[in-house]
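Q: There's a structure below that I have some questions on.
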Amino acid sequence: MARPMARQFANNALLIAVSLATASAAFAGVLPEDRADALYHRYEGGGITISGPSVLVRKKIGEQFSVSANYYVDMVSSASIDVMSTASPYSERRTQYSLGVDYLRGKTTWSTGYINSTESDYKAKTVYLGVSQDMFGDLTTVSFGFRRGKNDVLRNIKTAQGAINDPAFAREADTRAFSVGVTQVLTRRLLGSLNYELITDEGFLNSPYRSSRFADPTAPTGFRYEPEVYPATHTSHAVAARLKYSVPWWRASLDGQYRFFTDSWDIKSHTVQLGYTHPLGRSWTLDGSARYYKQDQASFYSDLFPRANAQNFRSRDKELATYDALTLGVGVAWEFRIQRAPWLDRGTLNLRVDHMMINYDNFRDVTKGPRAGQEPLYKLNSNIIEFYVSAWY
Amino acid sequence: MNFAKFRILSLAALAACALLVPGPATEAAADPKGPAPDFRLPLRGSGKDLSLSQLRGQVVMLNFWASWCGPCRQEMPLLESIQKKYRPLGFTMVGVNVEPDSAEAEKFLKQTPVSFPVAYDRDSNVSKLFRVKGMPSTVIVDRKGNTRMIHQGYKPGDENIYLDQIRSLLRE
Amino acid sequence: MRPARYLVLLALGLPVLTACAPIEPWVKPYEREKLADPIMAFERNPVSGSYLDHVFESREGARGASGSAGGGCGCN
């Protein structure tokens with residue numbers, strides 16, 4: 001059960017890409033601004049530390065094209081709950097490159113791009129295509145997106161020379177996603193948005209390292225492990241509604257979002273997020289946010305199955321458990337200009353810290369024994385730190 | 001619903017978008033507009049008012065702009081160079097700022113000064129009168145006071161469209 | 001799968017509506033000052049937003065529907 005995280009990160013390459021792509025079509029009648037961002041990110045929690053850079057550069061070419069490139073690295077050092085219970089600590093590096101192009105013609109923006117994510121045992125390649133159209137006097141923007149990913153899942157084994165890919169293990173996982181969104185100017189101060197996304201995965205969808213556990217009175221701990229088994233397909237639907245409001249009494253904005261998620265594994269979840277942005281003076285901007293997430297487990301999840309091979313599909317991945325999570329975040333940004341660099345319109349220095357608190361309803365902390373199935377429920381607290389510099393030119 | 005159907009439906013939607021949503025930002029003189037409505041607005045900096053009828057006899061280019069509009073800001077230096085070149089030939093640029101609060105506009109004009117008159121349409125009456133449909137909007141009026149061209153938006157290269165129209169109207 | 005179908009039909013219908021029954025925008029182009037403010041952008045800091053989306057998706061079963069296009073000054 002050594003590496004559930006690594007594979008999840010690779011899959012999420014897709015999400016990063018689509019977020020960047022969608023952000024790029026943010027103003028369908030105008031191309032996105034030229035900018036460069038250099039971010040240092042750091043996640044610490046549950047014995048794992050993941051940190052690294054994310055660098056984005058975006059530039060217009062002529063008046064119709066905008067190109068962007070992103071370089072992202074996750075350096076993982078892990079002694080997480082999953083690792084501590086079944087394996088030894090590890091470190092891993094995932095590198096991701098993406099390239100995107102936006103093309104503006106009239107009120108239509110076309111976006112396309114490619115993302116490549118690589119780590120020692122997971123390779124993900126994704127292409128996407130999106131289009132965004134302004135209509136109704138620019139009050140409405142309709143967007144469509146398509147995404148296709150091909151992933152290679154490998155498994156590392158230890159040899160005298162170090163870890164290598166197990167030559168006997170090579171699997172694939174394919175992803176396809178379709179999204180549609182409508183953004184509507186509701187009043188002079190209120191923006192609304194509705195988004196729907198359908199995602200289908202096929203292939204080897206679990207981790208080659210992770211196990212589920214079952215009760216076994218003959219075992220000294222009262223349980224044993226067996227490899228997890230996942231369905232070969234996964235189809236999910238997510239619907240999200242969002243409102244952004246420009247506060248009338250001073251310069252500030254309020255943001256509210258709700259997302260409902262359901263999938264073919266029986267997971268259902270609700271996400272509610274509130275945010276507030278408050279500029280102070282001419283150079284400072286403060287951000288605060290609170291996010292609540294509640295999830296009901298996948299049909300084939302159990303912290304402890306009653307016996308070996310109890311079900312066709314079995315998982316003890318805590319991401320599929322029943323739990324809720326609260327994340328609170330604050331951010332501060334400082335805007336500056338450099339006299340000696342007139343090519344630089346403006347720049348910002350930004351710091352953001354989020355604190356995430358997850359309480360699992362049915363995932364137990366196996367390291368805290370003694371009795372199988374009666375260990376304390378796991379709680380995971382983590383800190384997420386972002387420090388970044390942005391420049392507009 | 002499988003992906004094949006999604007793809008077909010979405011491609012159909014894209015085609016519909018591309019074909020049906022109106023395109024051109026310029027309605028040329030082929031669509032005659034008639035006399036430009038007269039108006040009176042406070043001028044920036046002088047305490048006096050500007051009225052369109054006062055400018056009869058000149059070719060007038062009205063530019064509706066706001067400090068919060070990126071393409072408007074981008075266009076401003078070009079409008080200034082058009083003013084400098086054609087003022088002696090019987091042309092005047094008039095900037096119509098549409099913001100209810102002029103503070104940001106003043107700040108912008110201090111950084112990007114212009115020599116042509118700028119009027120403040122704080123109540124949006126003139127914007128409504130000219131049925132402004134996009135930001136920025138440009139209206140070119142001939143010497144007799146008739147609207148001859150309306151152009152929405154600004155993309156680099158649009159100044160050539162303005163110049164062609166101005167030059168032909170100056171010759172009339 | 002049903003919500004998908006309706007949403008796609010809705011999104012398809014909108015461009016047809018623009019052509020057949022032009023609706024007068026109730027927020028005029030010169031009234032979009034607040035909407036053009038950068039703090040009203042859905043994604044003001046894309047690199048940070050994408051990273052946080054990635055952090056959440058790595059730990060949750062849910063995924064998708066996290067981007068929004070549109071709003072802003074409506075210029076051009």
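As shown in the structure tokens, the chain order sets the letters A, B, ...; within each chain, residues go from 1, and ligands are also counted from 1 in the order they appear.
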Taking the DSSP assignment computed from this structure's backbone, write out as a VMD selection string all residues of stretch 47-148 of chain B that belong to strand (DSSP E or B).
A: chain B and resid 49 to 51 59 to 65 91 to 97 118 to 120 137 to 141 146 to 148
Q: Which residue, B:Gly70, B:Pro100, B:Pro117, B:Pro88, has the smallest gap to chain A when you use only C-alpha atoms?
A: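 Checking each of B:Gly70, B:Pro100, B:Pro117, B:Pro88 against chain A, counting only C-alpha atoms, the winner is B:Gly70.
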Q: Work out how far atom CA of A:Thr140 is from atom CA of A:Leu198, in Å to one decimal.
A: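 Computing the Euclidean distance for atom CA of A:Leu198 and atom CA of A:Thr140 yields 22.0 Å.
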Q: Write out, as a tab-separated table, each residue of chain A that has an atom at most 8 Å from chain B, together with the closest pair of atoms and their distance in Å to one decimal, counting only C-alpha atoms, rows going by chain and rising number.
A:
residue	atom	partner	partner_atom	distance
A:Glu63	CA	B:Pro156	CA	7.3
A:Gly106	CA	B:Gly23	CA	6.2
A:Lys107	CA	B:Gly23	CA	7.6
A:Thr108	CA	B:Ala18	CA	7.6
A:Val131	CA	B:Leu14	CA	7.7
A:Gln133	CA	B:Cys17	CA	7.0
A:Met135	CA	B:Val21	CA	7.0
A:Gly137	CA	B:Lys133	CA	7.3
A:Phe144	CA	B:Ser10	CA	7.3
A:Phe178	CA	B:Phe6	CA	7.9
